file coords-v4.cif (mmCIF, C-alpha atoms and all ligand atoms)
data_final
loop_
_atom_site.label_atom_id
_atom_site.label_comp_id
_atom_site.auth_asym_id
_atom_site.auth_seq_id
_atom_site.Cartn_x
_atom_site.Cartn_y
_atom_site.Cartn_z
CA MET A 491 80.44 97.95 105.14
CA GLU A 492 83.30 96.00 106.72
CA ALA A 493 86.30 98.13 107.80
CA ILE A 494 89.32 97.49 105.58
CA ILE A 495 92.82 97.23 107.00
CA ILE A 496 95.99 97.65 104.96
CA THR A 497 99.25 97.10 106.84
CA ILE A 498 102.64 98.44 105.74
CA ASP A 499 105.62 97.17 107.71
CA GLY A 500 109.32 97.56 107.14
CA PRO A 501 112.58 99.05 108.42
CA ALA A 502 113.45 102.74 108.85
CA GLY A 503 113.67 104.73 105.63
CA SER A 504 111.91 102.15 103.46
CA GLY A 505 109.28 104.75 102.52
CA LYS A 506 106.45 103.35 104.64
CA SER A 507 104.99 106.50 106.12
CA THR A 508 105.07 108.68 102.99
CA THR A 509 103.53 105.86 100.98
CA ALA A 510 100.96 104.93 103.64
CA LYS A 511 99.75 108.54 103.90
CA ILE A 512 99.20 108.88 100.15
CA VAL A 513 97.60 105.42 99.78
CA ALA A 514 95.19 106.23 102.61
CA GLU A 515 94.23 109.50 100.96
CA LEU A 516 93.73 107.86 97.55
CA LEU A 517 91.48 105.17 99.02
CA GLY A 518 89.65 107.46 101.46
CA TYR A 519 90.96 105.57 104.52
CA ILE A 520 92.56 106.91 107.69
CA TYR A 521 96.36 106.80 107.97
CA VAL A 522 97.71 105.58 111.31
CA ASP A 523 101.38 105.99 112.22
CA SER A 524 102.02 103.32 114.89
CA GLY A 525 105.65 104.45 115.29
CA ALA A 526 104.40 107.85 116.53
CA MET A 527 102.78 106.05 119.48
CA TYR A 528 106.06 104.37 120.52
CA ARG A 529 107.80 107.72 120.08
CA ALA A 530 105.19 109.37 122.35
CA VAL A 531 105.84 106.81 125.09
CA THR A 532 109.60 107.36 124.67
CA LEU A 533 109.17 111.13 125.09
CA ALA A 534 107.11 110.60 128.24
CA THR A 535 109.79 108.33 129.76
CA ILE A 536 112.45 110.99 129.12
CA ARG A 537 110.34 113.82 130.51
CA ASN A 538 109.55 111.77 133.61
CA LYS A 539 113.19 110.73 134.03
CA CYS A 540 112.30 107.02 134.16
CA GLU A 541 115.34 104.93 135.02
CA THR A 542 113.90 101.47 135.41
CA ILE A 543 111.49 99.28 133.45
CA GLN A 544 109.23 99.28 136.51
CA GLN A 545 109.02 103.08 136.39
CA ILE A 546 108.25 102.97 132.67
CA VAL A 547 105.49 100.40 133.16
CA HIS A 548 104.03 102.42 136.01
CA LEU A 549 104.07 105.58 133.89
CA LEU A 550 102.12 103.86 131.07
CA ASN A 551 98.86 104.05 133.05
CA SER A 552 99.00 107.83 133.15
CA LEU A 553 99.59 108.28 129.39
CA HIS A 554 96.81 109.22 127.02
CA ILE A 555 98.06 109.02 123.43
CA GLU A 556 95.91 110.20 120.53
CA LEU A 557 96.42 110.61 116.78
CA LYS A 558 94.21 113.35 115.34
CA MET A 559 93.77 114.72 111.84
CA SER A 560 94.38 118.44 111.30
CA PRO A 561 94.70 120.66 108.22
CA PHE A 562 98.48 120.06 108.60
CA GLY A 563 98.18 116.27 108.47
CA GLN A 564 98.10 113.80 111.32
CA ARG A 565 99.19 115.12 114.73
CA THR A 566 100.24 113.16 117.81
CA PHE A 567 98.99 114.18 121.25
CA LEU A 568 100.29 113.14 124.65
CA ASN A 569 97.87 113.91 127.49
CA GLY A 570 96.33 116.65 125.35
CA GLU A 571 99.61 118.27 124.24
CA ASP A 572 100.63 118.29 120.57
CA ILE A 573 104.04 116.59 120.52
CA SER A 574 104.24 115.89 116.76
CA GLU A 575 107.50 117.76 116.26
CA GLU A 576 109.20 116.79 119.50
CA ILE A 577 108.88 113.04 118.86
CA ARG A 578 111.02 113.34 115.70
CA GLU A 579 114.03 114.67 117.64
CA PRO A 580 117.20 112.51 117.43
CA ILE A 581 117.11 111.81 121.19
CA ILE A 582 113.74 110.08 120.76
CA THR A 583 114.90 108.14 117.69
CA ALA A 584 117.93 106.93 119.64
CA LYS A 585 115.82 105.57 122.52
CA VAL A 586 112.62 104.39 120.86
CA SER A 587 113.81 100.87 119.97
CA PHE A 588 114.61 100.14 123.59
CA ILE A 589 111.29 101.49 124.87
CA SER A 590 109.34 99.59 122.22
CA SER A 591 111.00 96.31 123.22
CA ILE A 592 109.25 96.39 126.63
CA LYS A 593 106.38 93.88 126.76
CA GLU A 594 103.92 96.10 128.65
CA VAL A 595 104.57 99.03 126.30
CA ARG A 596 103.78 96.82 123.31
CA THR A 597 100.62 95.40 124.87
CA ALA A 598 99.30 98.90 125.57
CA MET A 599 100.12 100.21 122.07
CA VAL A 600 98.74 97.14 120.29
CA ASP A 601 95.45 97.57 122.23
CA LEU A 602 95.28 101.20 121.16
CA GLN A 603 96.07 100.31 117.52
CA ARG A 604 93.35 97.64 117.45
CA LYS A 605 90.81 100.09 118.90
CA ILE A 606 91.57 102.55 116.09
CA GLY A 607 91.34 99.75 113.51
CA ALA A 608 87.92 98.75 114.78
CA GLN A 609 86.49 102.20 114.05
CA SER A 610 87.21 102.76 110.35
CA SER A 611 89.12 101.62 107.28
CA ILE A 612 92.80 102.34 107.81
CA VAL A 613 96.31 102.13 106.41
CA MET A 614 98.63 101.53 109.38
CA ASP A 615 102.41 101.46 109.12
CA GLY A 616 104.92 100.01 111.59
CA ARG A 617 106.98 96.93 112.34
CA ASP A 618 104.51 94.26 113.52
CA ILE A 619 101.20 95.47 112.11
CA GLY A 620 100.73 92.61 109.63
CA THR A 621 102.19 89.94 111.93
CA VAL A 622 100.73 90.82 115.35
CA VAL A 623 98.33 93.76 115.41
CA PHE A 624 96.14 92.80 112.43
CA PRO A 625 97.04 89.25 111.33
CA HIS A 626 93.76 89.13 109.35
CA ALA A 627 94.27 92.40 107.47
CA GLN A 628 92.92 92.32 103.91
CA LEU A 629 96.22 93.54 102.42
CA LYS A 630 99.72 93.36 103.89
CA ILE A 631 102.79 95.02 102.41
CA TYR A 632 106.37 94.66 103.61
CA MET A 633 108.54 97.47 102.26
CA ASN A 634 112.30 97.35 102.10
CA ALA A 635 115.19 99.09 100.33
CA SER A 636 118.96 98.83 100.40
CA ILE A 637 120.64 100.31 103.47
CA GLN A 638 122.49 102.83 101.27
CA GLU A 639 119.23 104.09 99.76
CA ARG A 640 117.44 104.20 103.12
CA ALA A 641 120.29 106.17 104.72
CA LYS A 642 120.31 108.60 101.79
CA ARG A 643 116.55 109.17 102.13
CA ARG A 644 116.79 109.72 105.90
CA LEU A 645 119.67 112.19 105.47
CA ASN A 646 117.72 114.20 102.87
CA GLN A 647 114.67 114.19 105.14
CA MET A 648 116.74 115.49 108.09
CA LYS A 649 118.47 118.16 106.01
CA SER A 650 115.17 119.48 104.70
CA LYS A 651 113.64 119.51 108.20
CA TYR A 652 116.57 120.73 110.27
CA SER A 653 118.74 122.95 108.07
CA GLU A 654 121.35 123.10 110.85
CA SER A 655 121.65 119.28 110.98
CA THR A 656 125.29 118.16 110.99
CA SER A 657 124.57 114.45 110.46
CA ASP A 658 126.48 112.73 107.69
CA ILE A 659 125.73 109.61 105.68
CA SER A 660 127.99 107.28 107.67
CA GLU A 661 126.44 108.38 110.97
CA ILE A 662 122.90 107.86 109.65
CA THR A 663 123.84 104.48 108.16
CA GLU A 664 125.16 103.38 111.54
CA GLN A 665 122.06 104.61 113.40
CA ILE A 666 119.65 102.90 111.00
CA THR A 667 121.63 99.64 111.03
CA HIS A 668 121.60 99.67 114.82
CA ARG A 669 117.84 100.34 115.00
CA ASP A 670 117.06 97.68 112.35
CA TYR A 671 119.05 95.15 114.34
CA ALA A 672 117.31 96.04 117.63
CA ASP A 673 113.85 96.01 116.00
CA SER A 674 114.32 92.70 114.20
CA HIS A 675 116.06 90.85 117.04
CA ARG A 676 113.89 91.82 119.99
CA GLU A 677 112.12 88.99 121.76
CA ILE A 678 108.58 90.31 121.47
CA ASP A 679 106.94 91.04 118.12
CA PRO A 680 110.14 91.66 116.12
CA LEU A 681 110.19 93.38 112.75
CA LYS A 682 109.55 90.77 110.07
CA ALA A 683 107.40 90.22 107.03
CA ALA A 684 104.13 88.37 107.57
CA GLU A 685 104.02 85.10 105.61
CA ASP A 686 101.22 86.44 103.47
CA ALA A 687 102.72 89.93 102.97
CA ILE A 688 103.63 91.25 99.54
CA ILE A 689 107.31 92.19 99.59
CA LEU A 690 108.05 95.50 97.93
CA ASP A 691 111.68 96.50 97.38
CA THR A 692 111.59 100.26 96.89
CA THR A 693 115.34 100.80 96.26
CA VAL A 694 114.75 101.98 92.70
CA MET A 695 111.07 102.92 92.95
CA THR A 696 109.57 106.39 93.18
CA ILE A 697 106.93 107.23 95.79
CA GLN A 698 104.37 107.47 93.00
CA GLU A 699 105.23 103.97 91.73
CA GLN A 700 104.99 102.54 95.25
CA CYS A 701 101.59 104.12 95.84
CA GLU A 702 100.23 103.02 92.46
CA PHE A 703 101.37 99.46 93.13
CA ILE A 704 99.61 99.29 96.51
CA VAL A 705 96.40 100.99 95.36
CA LYS A 706 96.22 98.59 92.39
CA LYS A 707 96.70 95.59 94.70
CA ALA A 708 94.05 96.96 97.08
CA LYS A 709 91.57 97.35 94.24
CA GLN A 710 92.28 93.82 92.96
CA LEU A 711 92.23 92.05 96.31
CA ILE A 712 89.63 94.03 98.23
CA TYR A 713 87.26 95.30 95.59
CA ASN A 714 87.85 92.63 92.88
CA GLU A 715 88.44 95.35 90.29
O1 LIG B 801 109.75 106.34 110.70
P1 LIG B 801 110.81 105.45 111.25
O2 LIG B 801 111.04 104.28 110.38
O3 LIG B 801 112.03 106.17 111.68
O4 LIG B 801 110.30 104.82 112.59
P2 LIG B 801 108.89 104.87 113.26
O5 LIG B 801 107.87 104.20 112.39
O6 LIG B 801 108.61 106.23 113.74
O7 LIG B 801 109.13 103.89 114.50
C1 LIG B 801 110.05 104.22 115.51
C2 LIG B 801 110.38 102.97 116.30
O8 LIG B 801 109.22 102.52 116.98
C3 LIG B 801 110.89 101.78 115.50
O9 LIG B 801 112.29 101.82 115.26
C4 LIG B 801 110.52 100.62 116.44
O10 LIG B 801 111.47 100.46 117.46
C5 LIG B 801 109.23 101.12 117.09
N1 LIG B 801 108.02 100.56 116.47
C6 LIG B 801 107.61 99.31 116.85
O11 LIG B 801 108.28 98.65 117.64
N2 LIG B 801 106.46 98.79 116.37
C7 LIG B 801 105.71 99.47 115.50
N3 LIG B 801 104.57 98.94 115.07
C8 LIG B 801 106.11 100.76 115.08
C9 LIG B 801 107.29 101.28 115.56
#
call {"tool": "encode", "arguments": {"input": "coords-v4.cif", "output": "structure tokens", "more": "lines below"}}
Ligand code: CDP
result
Amino acid sequence: MEAIIITIDGPAGSGKSTTAKIVAELLGYIYVDSGAMYRAVTLATIRNKCETIQQIVHLLNSLHIELKMSPFGQRTFLNGEDISEEIREPIITAKVSFISSIKEVRTAMVDLQRKIGAQSSIVMDGRDIGTVVFPHAQLKIYMNASIQERAKRRLNQMKSKYSESTSDISEITEQITHRDYADSHREIDPLKAAEDAIILDTTVMTIQEQCEFIVKKAKQLIYNE
């Protein structure tokens, strides 16, 4: 049977990854977090003290990035090392938009994403998945929510993960606004909804409602149910 691709794009805190994980599980597909790949490259550039774009591009050839399933969910590996926790650190979040704006970085990650998509049915979330990586995906969703709601969600997520976190709502709002701007104004493959994407505003939706909506659409469009 033909591999099915569902793309979920949108800005930070719109609920993409939580929703994509559950939708993939409900449909029996594989979830692929494309942002984790850009975060892995960002970590490698920091560890290798890259100071120029040339150094970053050179480093790319020595990076082996893998996403693997484990009993604890999907894990990200960089040259065999599990870096799933480290790539969520604020220092990575602060630098990832710059690293992901580099043409060669995008080309390498898009290649990797397409290879994964060729192997099985997937739900992949990111910024350019429906527009660039899989323009012929069977179902494309673009998720959004108000900046206030997205900042609130990110703050709650950080507080539950890092109990010692001292971030406040205004700081998170500023960081997200800055990252949204960088991601949607970059020259190559900016964040935007594909013309044929279904726009889903999740400001007042629960995770369960979001997942039910997407699974229903998938069943209608892909399986004619
Ligand atoms: O989960 P969150 O919304 O914080 O971000 P992420 O999905 O982990 O992505 C981190 C960053 O990677 C984004 O802010 C983008 O700069 C970049 N990214 C991208 O350029 N293209 C993608 N397909 C996915 C992520």
call {"tool": "residues_near_ligand", "arguments": {"input": "coords-v4.cif", "ligand": "ligand LIG 801 (chain B)", "cutoff": "8 Å", "atoms": "all atoms listed in the file", "output": "PyMOL selection string"}}
result
chain A and resi 499-504+506-507+523-529+578+583+586-591+596+615-619+669-670+672-673+679-681
call {"tool": "residues_around", "arguments": {"input": "coords-v4.cif", "residues": "range 540-554 of chain A", "least_positions_apart": "3", "cutoff": "7 Å", "atoms": "all atoms listed in the file", "output": "PyMOL selection string"}}
result
chain A and resi 535-536+568-569+594
call {"tool": "atom_distance", "arguments": {"input": "coords-v4.cif", "atom1": "CA of Val522 in chain A", "atom2": "CA of Val613 in chain A"}}
result
6.2 Å
call {"tool": "atom_distance", "arguments": {"input": "coords-v4.cif", "atom1": "CA of Ile581 in chain A", "atom2": "CA of Arg565 in chain A"}}
result
19.3 Å
call {"tool": "atom_distance", "arguments": {"input": "coords-v4.cif", "atom1": "CA of Glu575 in chain A", "atom2": "CA of Leu645 in chain A"}}
result
17.2 Å
call {"tool": "residues_around", "arguments": {"input": "coords-v4.cif", "residues": "Pro625 in chain A", "least_positions_apart": "4", "cutoff": "12 Å", "atoms": "only C-alpha atoms", "output": "PyMOL selection string"}}
result
chain A and resi 495-497+604+618-621+629-630+683-687
call {"tool": "closest_residue", "arguments": {"input": "coords-v4.cif", "among": "A:Lys706, A:Lys605, A:Lys682, A:Lys649", "to": "Glu556 in chain A", "atoms": "only C-alpha atoms"}}
result
A:Lys605
